[in-house]
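Structure file input.pdb (PDB, C-alpha atoms) is printed below.
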ATOM      1  CA  MET A   1       9.540 163.724 -28.657
ATOM      2  CA  THR A   2       8.950 160.681 -30.840
ATOM      3  CA  SER A   3       7.375 161.354 -34.248
ATOM      4  CA  HIS A   4       5.368 159.089 -36.522
ATOM      5  CA  THR A   5       3.786 159.385 -39.956
ATOM      6  CA  ILE A   6       0.458 157.775 -40.853
ATOM      7  CA  VAL A   7      -0.614 157.426 -44.486
ATOM      8  CA  GLY A   8      -4.399 157.449 -44.670
ATOM      9  CA  ALA A   9      -7.226 159.340 -43.013
ATOM     10  CA  GLY A  10      -9.864 156.666 -42.436
ATOM     11  CA  ALA A  11     -11.305 155.626 -39.099
ATOM     12  CA  THR A  12      -8.415 153.350 -38.118
ATOM     13  CA  ALA A  13      -5.813 155.903 -39.159
ATOM     14  CA  ARG A  14      -7.568 158.563 -37.099
ATOM     15  CA  ALA A  15      -7.884 156.303 -34.056
ATOM     16  CA  THR A  16      -4.208 155.365 -34.332
ATOM     17  CA  ALA A  17      -3.189 159.016 -34.520
ATOM     18  CA  LEU A  18      -5.160 159.851 -31.394
ATOM     19  CA  LEU A  19      -3.658 156.927 -29.466
ATOM     20  CA  LEU A  20      -0.144 158.003 -30.395
ATOM     21  CA  ALA A  21      -0.806 161.665 -29.666
ATOM     22  CA  GLY A  22      -2.495 160.760 -26.395
ATOM     23  CA  SER A  23       0.762 159.145 -25.269
ATOM     24  CA  GLY A  24       2.687 162.325 -26.070
ATOM     25  CA  ASP A  25       4.031 161.396 -29.516
ATOM     26  CA  ARG A  26       3.903 163.742 -32.487
ATOM     27  CA  VAL A  27       1.946 162.495 -35.524
ATOM     28  CA  ARG A  28       1.843 163.560 -39.162
ATOM     29  CA  MET A  29      -1.210 162.336 -41.058
ATOM     30  CA  VAL A  30      -0.751 162.196 -44.816
ATOM     31  CA  SER A  31      -3.675 161.855 -47.223
ATOM     32  CA  ARG A  32      -4.922 163.434 -50.417
ATOM     33  CA  SER A  33      -7.686 165.162 -48.493
ATOM     34  CA  GLY A  34      -5.486 166.377 -45.658
ATOM     35  CA  ASN A  35      -8.135 165.232 -43.175
ATOM     36  CA  GLY A  36      -7.526 164.021 -39.645
ATOM     37  CA  PRO A  37      -8.486 164.556 -36.027
ATOM     38  CA  GLU A  38      -8.076 167.865 -34.246
ATOM     39  CA  HIS A  39      -5.233 167.500 -31.755
ATOM     40  CA  PRO A  40      -2.265 169.739 -30.926
ATOM     41  CA  LEU A  41       0.165 166.879 -31.624
ATOM     42  CA  VAL A  42      -1.431 165.823 -34.922
ATOM     43  CA  GLU A  43      -0.315 167.585 -38.104
ATOM     44  CA  ARG A  44      -2.507 166.990 -41.149
ATOM     45  CA  ILE A  45      -0.766 167.054 -44.522
ATOM     46  CA  ALA A  46      -2.521 167.045 -47.918
ATOM     47  CA  LEU A  47      -0.286 164.936 -50.133
ATOM     48  CA  ASP A  48      -0.530 162.174 -52.731
ATOM     49  CA  ALA A  49       1.418 159.315 -51.140
ATOM     50  CA  ASN A  50       2.111 157.857 -54.585
ATOM     51  CA  ASN A  51       4.893 160.445 -54.775
ATOM     52  CA  ALA A  52       7.694 158.719 -52.876
ATOM     53  CA  GLY A  53       9.875 161.823 -52.874
ATOM     54  CA  ARG A  54       7.302 164.104 -51.309
ATOM     55  CA  LEU A  55       6.210 161.393 -48.878
ATOM     56  CA  THR A  56       9.823 160.929 -47.826
ATOM     57  CA  GLU A  57      10.088 164.651 -47.087
ATOM     58  CA  ALA A  58       6.898 164.528 -45.022
ATOM     59  CA  ALA A  59       8.070 161.456 -43.085
ATOM     60  CA  GLU A  60      11.621 162.609 -42.302
ATOM     61  CA  GLY A  61      12.487 162.027 -38.675
ATOM     62  CA  SER A  62       9.648 159.558 -38.092
ATOM     63  CA  ALA A  63      10.310 156.514 -35.965
ATOM     64  CA  THR A  64       7.427 154.674 -37.634
ATOM     65  CA  LEU A  65       5.654 154.941 -40.965
ATOM     66  CA  PHE A  66       2.143 153.506 -40.708
ATOM     67  CA  ASN A  67       0.402 152.433 -43.907
ATOM     68  CA  ALA A  68      -3.362 152.722 -43.348
ATOM     69  CA  ALA A  69      -4.094 153.744 -46.945
ATOM     70  CA  MET A  70      -7.183 152.336 -48.634
ATOM     71  CA  PRO A  71      -7.763 153.069 -52.342
ATOM     72  CA  PRO A  72     -11.229 152.433 -53.813
ATOM     73  CA  TYR A  73     -12.115 148.767 -53.358
ATOM     74  CA  HIS A  74     -12.535 147.838 -57.013
ATOM     75  CA  THR A  75      -9.188 149.412 -58.008
ATOM     76  CA  TRP A  76      -6.890 147.481 -55.656
ATOM     77  CA  PRO A  77      -5.017 145.383 -58.265
ATOM     78  CA  GLU A  78      -4.085 148.550 -60.166
ATOM     79  CA  THR A  79      -3.723 151.180 -57.450
ATOM     80  CA  ILE A  80      -2.268 149.334 -54.461
ATOM     81  CA  PRO A  81       1.102 148.236 -55.953
ATOM     82  CA  PRO A  82       2.363 151.727 -56.884
ATOM     83  CA  LEU A  83       0.973 153.289 -53.712
ATOM     84  CA  PHE A  84       2.383 150.662 -51.357
ATOM     85  CA  GLY A  85       5.628 150.701 -53.311
ATOM     86  CA  ALA A  86       5.975 154.438 -52.717
ATOM     87  CA  ILE A  87       5.248 154.066 -48.999
ATOM     88  CA  LEU A  88       7.810 151.263 -48.706
ATOM     89  CA  GLU A  89      10.365 153.407 -50.535
ATOM     90  CA  ALA A  90       9.716 156.290 -48.140
ATOM     91  CA  ALA A  91      10.318 153.927 -45.208
ATOM     92  CA  ARG A  92      13.630 152.860 -46.770
ATOM     93  CA  ARG A  93      14.774 156.421 -47.381
ATOM     94  CA  THR A  94      13.858 157.685 -43.925
ATOM     95  CA  GLY A  95      14.949 154.615 -41.978
ATOM     96  CA  ALA A  96      11.525 154.391 -40.318
ATOM     97  CA  ASN A  97       9.982 151.157 -39.131
ATOM     98  CA  TYR A  98       7.134 150.147 -41.432
ATOM     99  CA  VAL A  99       3.764 149.081 -39.967
ATOM    100  CA  MET A 100       1.025 147.979 -42.358
ATOM    101  CA  LEU A 101      -2.701 147.781 -41.724
ATOM    102  CA  GLY A 102      -3.773 144.678 -43.620
ATOM    103  CA  ASN A 103      -6.724 142.354 -43.950
ATOM    104  CA  LEU A 104      -7.426 138.637 -44.352
ATOM    105  CA  TYR A 105      -7.830 138.518 -48.133
ATOM    106  CA  GLY A 106      -4.342 137.231 -48.853
ATOM    107  CA  TYR A 107      -5.015 133.839 -47.268
ATOM    108  CA  GLY A 108      -7.789 132.765 -49.568
ATOM    109  CA  PRO A 109     -10.509 130.368 -48.321
ATOM    110  CA  PRO A 110      -9.237 128.559 -45.208
ATOM    111  CA  GLU A 111     -10.259 125.232 -43.735
ATOM    112  CA  GLY A 112     -11.235 125.808 -40.119
ATOM    113  CA  THR A 113     -10.214 128.744 -37.973
ATOM    114  CA  LEU A 114      -7.612 130.994 -39.566
ATOM    115  CA  THR A 115      -4.245 131.561 -37.864
ATOM    116  CA  GLU A 116      -1.220 133.595 -38.938
ATOM    117  CA  ASP A 117       0.468 130.345 -39.986
ATOM    118  CA  HIS A 118      -1.979 129.782 -42.834
ATOM    119  CA  PRO A 119      -0.260 130.195 -46.242
ATOM    120  CA  LEU A 120      -1.011 133.216 -48.394
ATOM    121  CA  ASP A 121      -2.603 131.277 -51.250
ATOM    122  CA  ALA A 122      -5.431 133.561 -52.381
ATOM    123  CA  THR A 123      -6.534 133.097 -55.979
ATOM    124  CA  GLY A 124      -8.636 136.254 -56.429
ATOM    125  CA  PRO A 125      -7.080 139.534 -57.642
ATOM    126  CA  LYS A 126      -7.593 141.510 -54.422
ATOM    127  CA  GLY A 127      -6.262 138.680 -52.276
ATOM    128  CA  ARG A 128      -3.259 138.126 -54.525
ATOM    129  CA  VAL A 129      -2.276 141.790 -54.471
ATOM    130  CA  ARG A 130      -2.484 141.972 -50.671
ATOM    131  CA  ALA A 131      -0.296 138.867 -50.361
ATOM    132  CA  ARG A 132       2.173 140.282 -52.885
ATOM    133  CA  MET A 133       2.446 143.581 -51.011
ATOM    134  CA  TRP A 134       3.321 141.758 -47.791
ATOM    135  CA  ARG A 135       5.986 139.652 -49.494
ATOM    136  CA  GLU A 136       7.492 142.722 -51.147
ATOM    137  CA  ALA A 137       7.536 144.556 -47.826
ATOM    138  CA  LEU A 138       9.338 141.627 -46.183
ATOM    139  CA  ASP A 139      11.974 141.832 -48.909
ATOM    140  CA  GLY A 140      12.087 145.635 -48.808
ATOM    141  CA  GLY A 141      15.067 146.091 -46.534
ATOM    142  CA  VAL A 142      13.173 147.718 -43.651
ATOM    143  CA  PRO A 143      11.792 146.443 -40.337
ATOM    144  CA  VAL A 144       8.164 145.635 -41.202
ATOM    145  CA  THR A 145       5.109 144.144 -39.572
ATOM    146  CA  GLU A 146       1.458 143.882 -40.566
ATOM    147  CA  VAL A 147      -1.752 143.818 -38.531
ATOM    148  CA  ARG A 148      -4.519 141.920 -40.375
ATOM    149  CA  ALA A 149      -8.016 142.909 -39.346
ATOM    150  CA  GLY A 150     -11.399 141.291 -39.868
ATOM    151  CA  GLN A 151     -14.482 143.156 -41.083
ATOM    152  CA  PHE A 152     -14.462 146.510 -39.341
ATOM    153  CA  TYR A 153     -17.296 147.617 -37.104
ATOM    154  CA  GLY A 154     -17.714 150.279 -34.507
ATOM    155  CA  LEU A 155     -17.515 154.041 -34.501
ATOM    156  CA  GLY A 156     -16.580 155.386 -37.927
ATOM    157  CA  ALA A 157     -16.155 151.998 -39.624
ATOM    158  CA  TYR A 158     -16.728 151.903 -43.372
ATOM    159  CA  SER A 159     -18.039 148.365 -43.778
ATOM    160  CA  ILE A 160     -21.001 146.294 -44.871
ATOM    161  CA  PHE A 161     -22.205 145.973 -41.289
ATOM    162  CA  ASN A 162     -22.006 149.673 -40.485
ATOM    163  CA  LEU A 163     -23.435 150.826 -43.803
ATOM    164  CA  MET A 164     -26.117 148.210 -44.513
ATOM    165  CA  VAL A 165     -27.132 146.764 -41.156
ATOM    166  CA  VAL A 166     -26.772 149.472 -38.509
ATOM    167  CA  PRO A 167     -29.032 152.150 -40.060
ATOM    168  CA  LYS A 168     -31.745 149.635 -41.001
ATOM    169  CA  VAL A 169     -31.810 148.083 -37.533
ATOM    170  CA  LEU A 170     -32.025 151.487 -35.868
ATOM    171  CA  ALA A 171     -34.870 152.466 -38.198
ATOM    172  CA  GLY A 172     -36.725 149.189 -37.590
ATOM    173  CA  ARG A 173     -36.521 148.303 -41.282
ATOM    174  CA  LEU A 174     -35.472 145.193 -43.194
ATOM    175  CA  ALA A 175     -31.696 144.936 -43.690
ATOM    176  CA  LEU A 176     -30.799 143.279 -46.976
ATOM    177  CA  VAL A 177     -27.280 141.928 -46.464
ATOM    178  CA  PRO A 178     -24.788 140.350 -48.930
ATOM    179  CA  ALA A 179     -23.970 137.689 -46.325
ATOM    180  CA  GLU A 180     -25.345 134.755 -44.387
ATOM    181  CA  PHE A 181     -26.278 136.230 -41.027
ATOM    182  CA  ASP A 182     -26.470 133.118 -38.808
ATOM    183  CA  VAL A 183     -22.886 131.860 -39.214
ATOM    184  CA  PRO A 184     -19.888 133.374 -37.401
ATOM    185  CA  HIS A 185     -17.758 136.023 -39.074
ATOM    186  CA  ALA A 186     -14.557 137.696 -37.888
ATOM    187  CA  PHE A 187     -15.193 141.310 -36.837
ATOM    188  CA  THR A 188     -12.571 143.804 -35.651
ATOM    189  CA  ALA A 189     -13.452 146.993 -33.812
ATOM    190  CA  ILE A 190     -11.806 150.147 -35.121
ATOM    191  CA  GLY A 191     -10.330 150.936 -31.711
ATOM    192  CA  ASP A 192      -8.888 147.432 -31.363
ATOM    193  CA  ALA A 193      -7.187 147.657 -34.767
ATOM    194  CA  ALA A 194      -5.632 150.988 -33.782
ATOM    195  CA  ALA A 195      -4.472 149.601 -30.434
ATOM    196  CA  ALA A 196      -2.880 146.653 -32.238
ATOM    197  CA  LEU A 197      -1.027 148.926 -34.676
ATOM    198  CA  VAL A 198       0.388 150.999 -31.846
ATOM    199  CA  ALA A 199       1.341 147.928 -29.800
ATOM    200  CA  VAL A 200       3.290 146.202 -32.579
ATOM    201  CA  SER A 201       5.006 149.456 -33.582
ATOM    202  CA  ARG A 202       6.584 149.694 -30.132
ATOM    203  CA  ASP A 203       7.978 146.175 -29.778
ATOM    204  CA  GLU A 204      10.829 144.734 -31.823
ATOM    205  CA  ARG A 205       9.340 141.247 -31.432
ATOM    206  CA  ALA A 206       6.570 142.255 -33.827
ATOM    207  CA  PHE A 207       8.760 142.877 -36.859
ATOM    208  CA  GLY A 208       9.325 140.385 -39.617
ATOM    209  CA  ARG A 209       5.918 138.759 -39.169
ATOM    210  CA  ALA A 210       2.196 139.468 -39.413
ATOM    211  CA  TRP A 211      -0.372 139.533 -36.619
ATOM    212  CA  HIS A 212      -4.128 139.164 -36.508
ATOM    213  CA  ALA A 213      -5.892 142.126 -34.972
ATOM    214  CA  PRO A 214      -8.208 141.227 -32.083
ATOM    215  CA  VAL A 215     -11.405 139.702 -33.454
ATOM    216  CA  SER A 216     -14.850 138.713 -32.251
ATOM    217  CA  ASN A 217     -16.198 135.725 -34.178
ATOM    218  CA  VAL A 218     -19.937 136.368 -34.116
ATOM    219  CA  PRO A 219     -22.890 136.076 -36.513
ATOM    220  CA  VAL A 220     -24.328 139.227 -38.047
ATOM    221  CA  ARG A 221     -27.681 138.482 -36.424
ATOM    222  CA  GLU A 222     -26.081 138.442 -32.965
ATOM    223  CA  LEU A 223     -24.487 141.862 -33.526
ATOM    224  CA  ALA A 224     -27.708 143.239 -34.988
ATOM    225  CA  THR A 225     -29.744 141.935 -32.042
ATOM    226  CA  THR A 226     -27.312 143.438 -29.529
ATOM    227  CA  LEU A 227     -27.512 146.753 -31.354
ATOM    228  CA  ALA A 228     -31.315 146.702 -31.369
ATOM    229  CA  ASP A 229     -31.457 145.879 -27.660
ATOM    230  CA  LEU A 230     -29.060 148.723 -26.823
ATOM    231  CA  ALA A 231     -31.056 151.177 -28.931
ATOM    232  CA  GLY A 232     -34.494 150.009 -27.803
ATOM    233  CA  ALA A 233     -35.293 149.189 -31.430
ATOM    234  CA  PRO A 234     -37.531 146.342 -32.665
ATOM    235  CA  ARG A 235     -36.052 142.896 -33.174
ATOM    236  CA  PRO A 236     -33.882 143.136 -36.295
ATOM    237  CA  ARG A 237     -35.188 141.842 -39.606
ATOM    238  CA  LEU A 238     -32.422 140.470 -41.829
ATOM    239  CA  GLU A 239     -32.460 138.916 -45.264
ATOM    240  CA  THR A 240     -29.573 137.580 -47.365
ATOM    241  CA  MET A 241     -29.198 139.383 -50.673
ATOM    242  CA  SER A 242     -29.753 137.072 -53.635
ATOM    243  CA  ASP A 243     -27.189 136.565 -56.393
ATOM    244  CA  ARG A 244     -29.525 138.358 -58.778
ATOM    245  CA  GLU A 245     -29.814 141.375 -56.498
ATOM    246  CA  LEU A 246     -26.050 141.552 -56.104
ATOM    247  CA  THR A 247     -25.586 141.282 -59.873
ATOM    248  CA  LEU A 248     -28.032 144.128 -60.486
ATOM    249  CA  LEU A 249     -26.227 146.331 -57.978
ATOM    250  CA  GLY A 250     -22.925 145.484 -59.648
ATOM    251  CA  ALA A 251     -24.208 146.752 -62.970
ATOM    252  CA  ALA A 252     -24.485 150.227 -61.475
ATOM    253  CA  ASP A 253     -21.521 150.267 -59.083
ATOM    254  CA  PRO A 254     -18.315 148.213 -59.488
ATOM    255  CA  PHE A 255     -17.970 147.865 -55.712
ATOM    256  CA  TRP A 256     -20.684 145.195 -55.597
ATOM    257  CA  GLU A 257     -19.045 143.041 -58.257
ATOM    258  CA  GLU A 258     -15.979 142.805 -56.046
ATOM    259  CA  LEU A 259     -17.898 140.941 -53.332
ATOM    260  CA  TRP A 260     -17.970 137.718 -55.330
ATOM    261  CA  GLU A 261     -14.252 137.164 -54.708
ATOM    262  CA  THR A 262     -14.674 137.131 -50.938
ATOM    263  CA  SER A 263     -18.042 135.381 -50.678
ATOM    264  CA  TYR A 264     -16.372 132.621 -48.641
ATOM    265  CA  MET A 265     -15.890 135.225 -45.890
ATOM    266  CA  SER A 266     -19.525 136.308 -45.892
ATOM    267  CA  HIS A 267     -21.550 133.238 -46.845
ATOM    268  CA  ARG A 268     -19.724 130.525 -44.882
ATOM    269  CA  PRO A 269     -18.432 130.363 -41.322
ATOM    270  CA  PHE A 270     -15.256 132.477 -41.289
ATOM    271  CA  THR A 271     -13.469 132.502 -37.962
ATOM    272  CA  VAL A 272     -10.078 133.910 -37.030
ATOM    273  CA  ASP A 273      -7.717 133.220 -34.134
ATOM    274  CA  SER A 274      -6.192 136.378 -32.619
ATOM    275  CA  THR A 275      -4.680 134.622 -29.610
ATOM    276  CA  ARG A 276      -1.109 135.495 -30.596
ATOM    277  CA  ILE A 277      -1.465 139.265 -30.397
ATOM    278  CA  GLU A 278      -3.663 139.007 -27.310
ATOM    279  CA  GLU A 279      -1.135 136.944 -25.374
ATOM    280  CA  ILE A 280       2.076 138.660 -26.493
ATOM    281  CA  PHE A 281       0.938 142.286 -26.584
ATOM    282  CA  GLY A 282      -2.124 142.207 -24.342
ATOM    283  CA  VAL A 283      -4.415 143.718 -26.984
ATOM    284  CA  LYS A 284      -7.775 141.986 -26.609
ATOM    285  CA  PRO A 285     -11.080 142.357 -28.483
ATOM    286  CA  THR A 286     -13.496 144.833 -26.961
ATOM    287  CA  ALA A 287     -16.838 143.253 -26.081
ATOM    288  CA  PRO A 288     -19.268 143.712 -29.003
ATOM    289  CA  GLY A 289     -21.859 145.345 -26.738
ATOM    290  CA  GLN A 290     -19.366 148.042 -25.787
ATOM    291  CA  VAL A 291     -18.323 148.590 -29.401
ATOM    292  CA  LEU A 292     -21.943 148.982 -30.499
ATOM    293  CA  ALA A 293     -22.786 151.249 -27.553
ATOM    294  CA  GLU A 294     -19.968 153.566 -28.651
ATOM    295  CA  THR A 295     -21.383 153.497 -32.181
ATOM    296  CA  LEU A 296     -24.783 154.550 -30.859
ATOM    297  CA  SER A 297     -23.216 157.378 -28.853
ATOM    298  CA  ASP A 298     -22.375 159.065 -32.168
ATOM    299  CA  GLY A 299     -25.739 158.519 -33.811
ATOM    300  CA  GLY A 300     -25.019 155.046 -35.169
ATOM    301  CA  ARG A 301     -22.224 156.051 -37.548
TER     302      ARG A 301
END
For the structure just supplied, provide its representation as structure tokens.
Amino acid sequence: MTSHTIVGAGATARATALLLAGSGDRVRMVSRSGNGPEHPLVERIALDANNAGRLTEAAEGSATLFNAAMPPYHTWPETIPPLFGAILEAARRTGANYVMLGNLYGYGPPEGTLTEDHPLDATGPKGRVRARMWREALDGGVPVTEVRAGQFYGLGAYSIFNLMVVPKVLAGRLALVPAEFDVPHAFTAIGDAAAALVAVSRDERAFGRAWHAPVSNVPVRELATTLADLAGAPRPRLETMSDRELTLLGAADPFWEELWETSYMSHRPFTVDSTRIEEIFGVKPTAPGQVLAETLSDGGR
């Protein structure tokens, strides 16, 4: 029986574990909380992955080490390098293939639709650290690949759309959003990101390069309207958060201050091409209506 280790316990990590276990593979999920889905082939391990030695022990015998870890947003420049370094070291020591769940920050602001060929030339601290982690992984002496996802949505997603738009739309209330809602943005469904991680982990053609997860390039208003129609809710009311409102929120919570760096993703058209992974691995974006219907099936979470 093939075994894998997943670092992280968020929605994508959980979905990945269930896909692997559903195919008959054994999965160890490593996180500080020890959380994870209930499944006879999923073992949940409470462990600080910053400890490369203990992580190596937990990952022994794994064919693949998946990195789906996500430290607090505002701490990335400080917390990601040691954490990702420990995970990479565990992959080296165990001989496991290394599969990273990434995002689009490392590219910086693109001109036109973003492809995997765009240089990693981010200038902001979060973008620079994500680009650095990929380069270090490529030089790390292990087979490595990365799946770069857009803004997550769908069941269990922890994102601006799920947290700030979905509950307001379902309640028929005004959604104040730190984004322009009538220009297209790149969204990735949780299930599609998990399917992409599993697909690349099983094909040697994936290693040594990065892949865009399947994306739907749609405006926030379009998603919100689809959600309202599915739920029988009133037509959604959306308003873009002002700079002053975002600044006031940032004074109380450092998360909000971090949104300035990536405003080009939220306040301008930001579209992504995921053709490469769709054509080579057959992983395609789920229709937004289906993704949102699944979200509603669990109470809109």
In Å, with one decimal, what is the gap from CA of Val169 (chain A) to CA of Ala228 (chain A)? 6.3 Å
Residue neighbourhood Asp229 (chain A), 12 Å, all atoms listed in the file, exclusion window fewer than 2 positions, as a VMD selection string: chain A and resid 169 to 170 172 222 to 227 231 to 236 289 292 to 293 296
Produce a file of the selected residues containing C-alpha atoms, as a compact mmCIF listing (two decimals), in the frame of the given file.
# COMPACT_ATOMS: atom_id res chain seq x y z
CA VAL A 169 -31.81 148.08 -37.53
CA LEU A 170 -32.02 151.49 -35.87
CA GLY A 172 -36.72 149.19 -37.59
CA GLU A 222 -26.08 138.44 -32.97
CA LEU A 223 -24.49 141.86 -33.53
CA ALA A 224 -27.71 143.24 -34.99
CA THR A 225 -29.74 141.94 -32.04
CA THR A 226 -27.31 143.44 -29.53
CA LEU A 227 -27.51 146.75 -31.35
CA ALA A 231 -31.06 151.18 -28.93
CA GLY A 232 -34.49 150.01 -27.80
CA ALA A 233 -35.29 149.19 -31.43
CA PRO A 234 -37.53 146.34 -32.66
CA ARG A 235 -36.05 142.90 -33.17
CA PRO A 236 -33.88 143.14 -36.30
CA GLY A 289 -21.86 145.34 -26.74
CA LEU A 292 -21.94 148.98 -30.50
CA ALA A 293 -22.79 151.25 -27.55
CA LEU A 296 -24.78 154.55 -30.86
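When only C-alpha atoms are used to compute distances to Phe66 (chain A), the closest of the residues A:Gly282, A:Gly8, A:Pro125, A:Gly156 turns out to be A:Gly8.
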Could you list, as number ranges by chain, every residue within 7 Å of region 11-24 of chain A, counting only C-alpha atoms and ignoring same-chain residues fewer than 2 positions away? A: 6, 8-9, 26-27, 36-37, 41-42, 68, 156-157, 190-191, 193-195, 198
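Using all atoms listed in the file, the shortest contact distance between Arg28 (chain A) and any of A:Ser263, A:Thr64, A:Ser242, A:Asn162 is found at A:Thr64.
Using all atoms listed in the file, the protein and nucleic acid residues lying no more than 9 Å from Asp48 (chain A), apart from those fewer than 3 places from it along its own chain, are A:Val30, A:Ser31, A:Arg32, A:Ser33, A:Asn51, A:Ala52, A:Arg54, A:Leu55.
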Need to verify the contact set: Gly108 (chain A), 9 Å, all atoms listed in the file, exclusion of same-chain residues closer than 3 positions in sequence. Can you return it as a PyMOL selection string? chain A and resi 104-105+119-124+127-128+262+264
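Rounded to one decimal, CA of Ile80 (chain A) and CA of Arg135 (chain A) lie 13.7 Å from each other.
Within a radius of 8 Å around (-19.6, 140.4, -41.1), the polymer residues are Gln151, Ile160, Phe161, Ala179, Phe181, Pro184, His185, Ala186, Phe187, Pro219, Val220, Met265 and Ser266 of chain A, counting all atoms listed in the file.
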Dump as a PDB file, in the frame of the given file, selection limited to C-alpha atoms:
ATOM      1  CA  GLN A 151     -14.482 143.156 -41.083  1.00  0.00           C
ATOM      2  CA  ILE A 160     -21.001 146.294 -44.871  1.00  0.00           C
ATOM      3  CA  PHE A 161     -22.205 145.973 -41.289  1.00  0.00           C
ATOM      4  CA  ALA A 179     -23.970 137.689 -46.325  1.00  0.00           C
ATOM      5  CA  PHE A 181     -26.278 136.230 -41.027  1.00  0.00           C
ATOM      6  CA  PRO A 184     -19.888 133.374 -37.401  1.00  0.00           C
ATOM      7  CA  HIS A 185     -17.758 136.023 -39.074  1.00  0.00           C
ATOM      8  CA  ALA A 186     -14.557 137.696 -37.888  1.00  0.00           C
ATOM      9  CA  PHE A 187     -15.193 141.310 -36.837  1.00  0.00           C
ATOM     10  CA  PRO A 219     -22.890 136.076 -36.513  1.00  0.00           C
ATOM     11  CA  VAL A 220     -24.328 139.227 -38.047  1.00  0.00           C
ATOM     12  CA  MET A 265     -15.890 135.225 -45.890  1.00  0.00           C
ATOM     13  CA  SER A 266     -19.525 136.308 -45.892  1.00  0.00           C
TER      14      SER A 266
END
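Shortest atom-to-atom contact with Trp211 (chain A) among A:Ser159, A:Thr56, A:Ser274, A:Ser297: A:Ser274, counting only C-alpha atoms.
From CA of Pro178 (chain A) back to CA of Glu258 (chain A), the distance works out to 11.6 Å.
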Restricting to only C-alpha atoms, whichever of A:Pro71, A:Gly140, A:Gly95, A:Gly85 is closest to Ala59 (chain A) is A:Gly95
Expected selection from the PyMOL selection byres ((chain A and resi 74) around 7), given as number ranges by chain: A: 72-73, 75-76, 254-255, 258
For the selection you just gave me, I'd like the residues written to a file as an mmCIF file, keeping the file's coordinate frame, keeping C-alpha atoms.
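Printed below is part_8.cif as written:
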data_model
loop_
_atom_site.group_PDB
_atom_site.id
_atom_site.type_symbol
_atom_site.label_atom_id
_atom_site.label_comp_id
_atom_site.auth_asym_id
_atom_site.auth_seq_id
_atom_site.Cartn_x
_atom_site.Cartn_y
_atom_site.Cartn_z
ATOM 1 C CA PRO A 72 -11.229 152.433 -53.813
ATOM 2 C CA TYR A 73 -12.115 148.767 -53.358
ATOM 3 C CA THR A 75 -9.188 149.412 -58.008
ATOM 4 C CA TRP A 76 -6.890 147.481 -55.656
ATOM 5 C CA PRO A 254 -18.315 148.213 -59.488
ATOM 6 C CA PHE A 255 -17.970 147.865 -55.712
ATOM 7 C CA GLU A 258 -15.979 142.805 -56.046
#
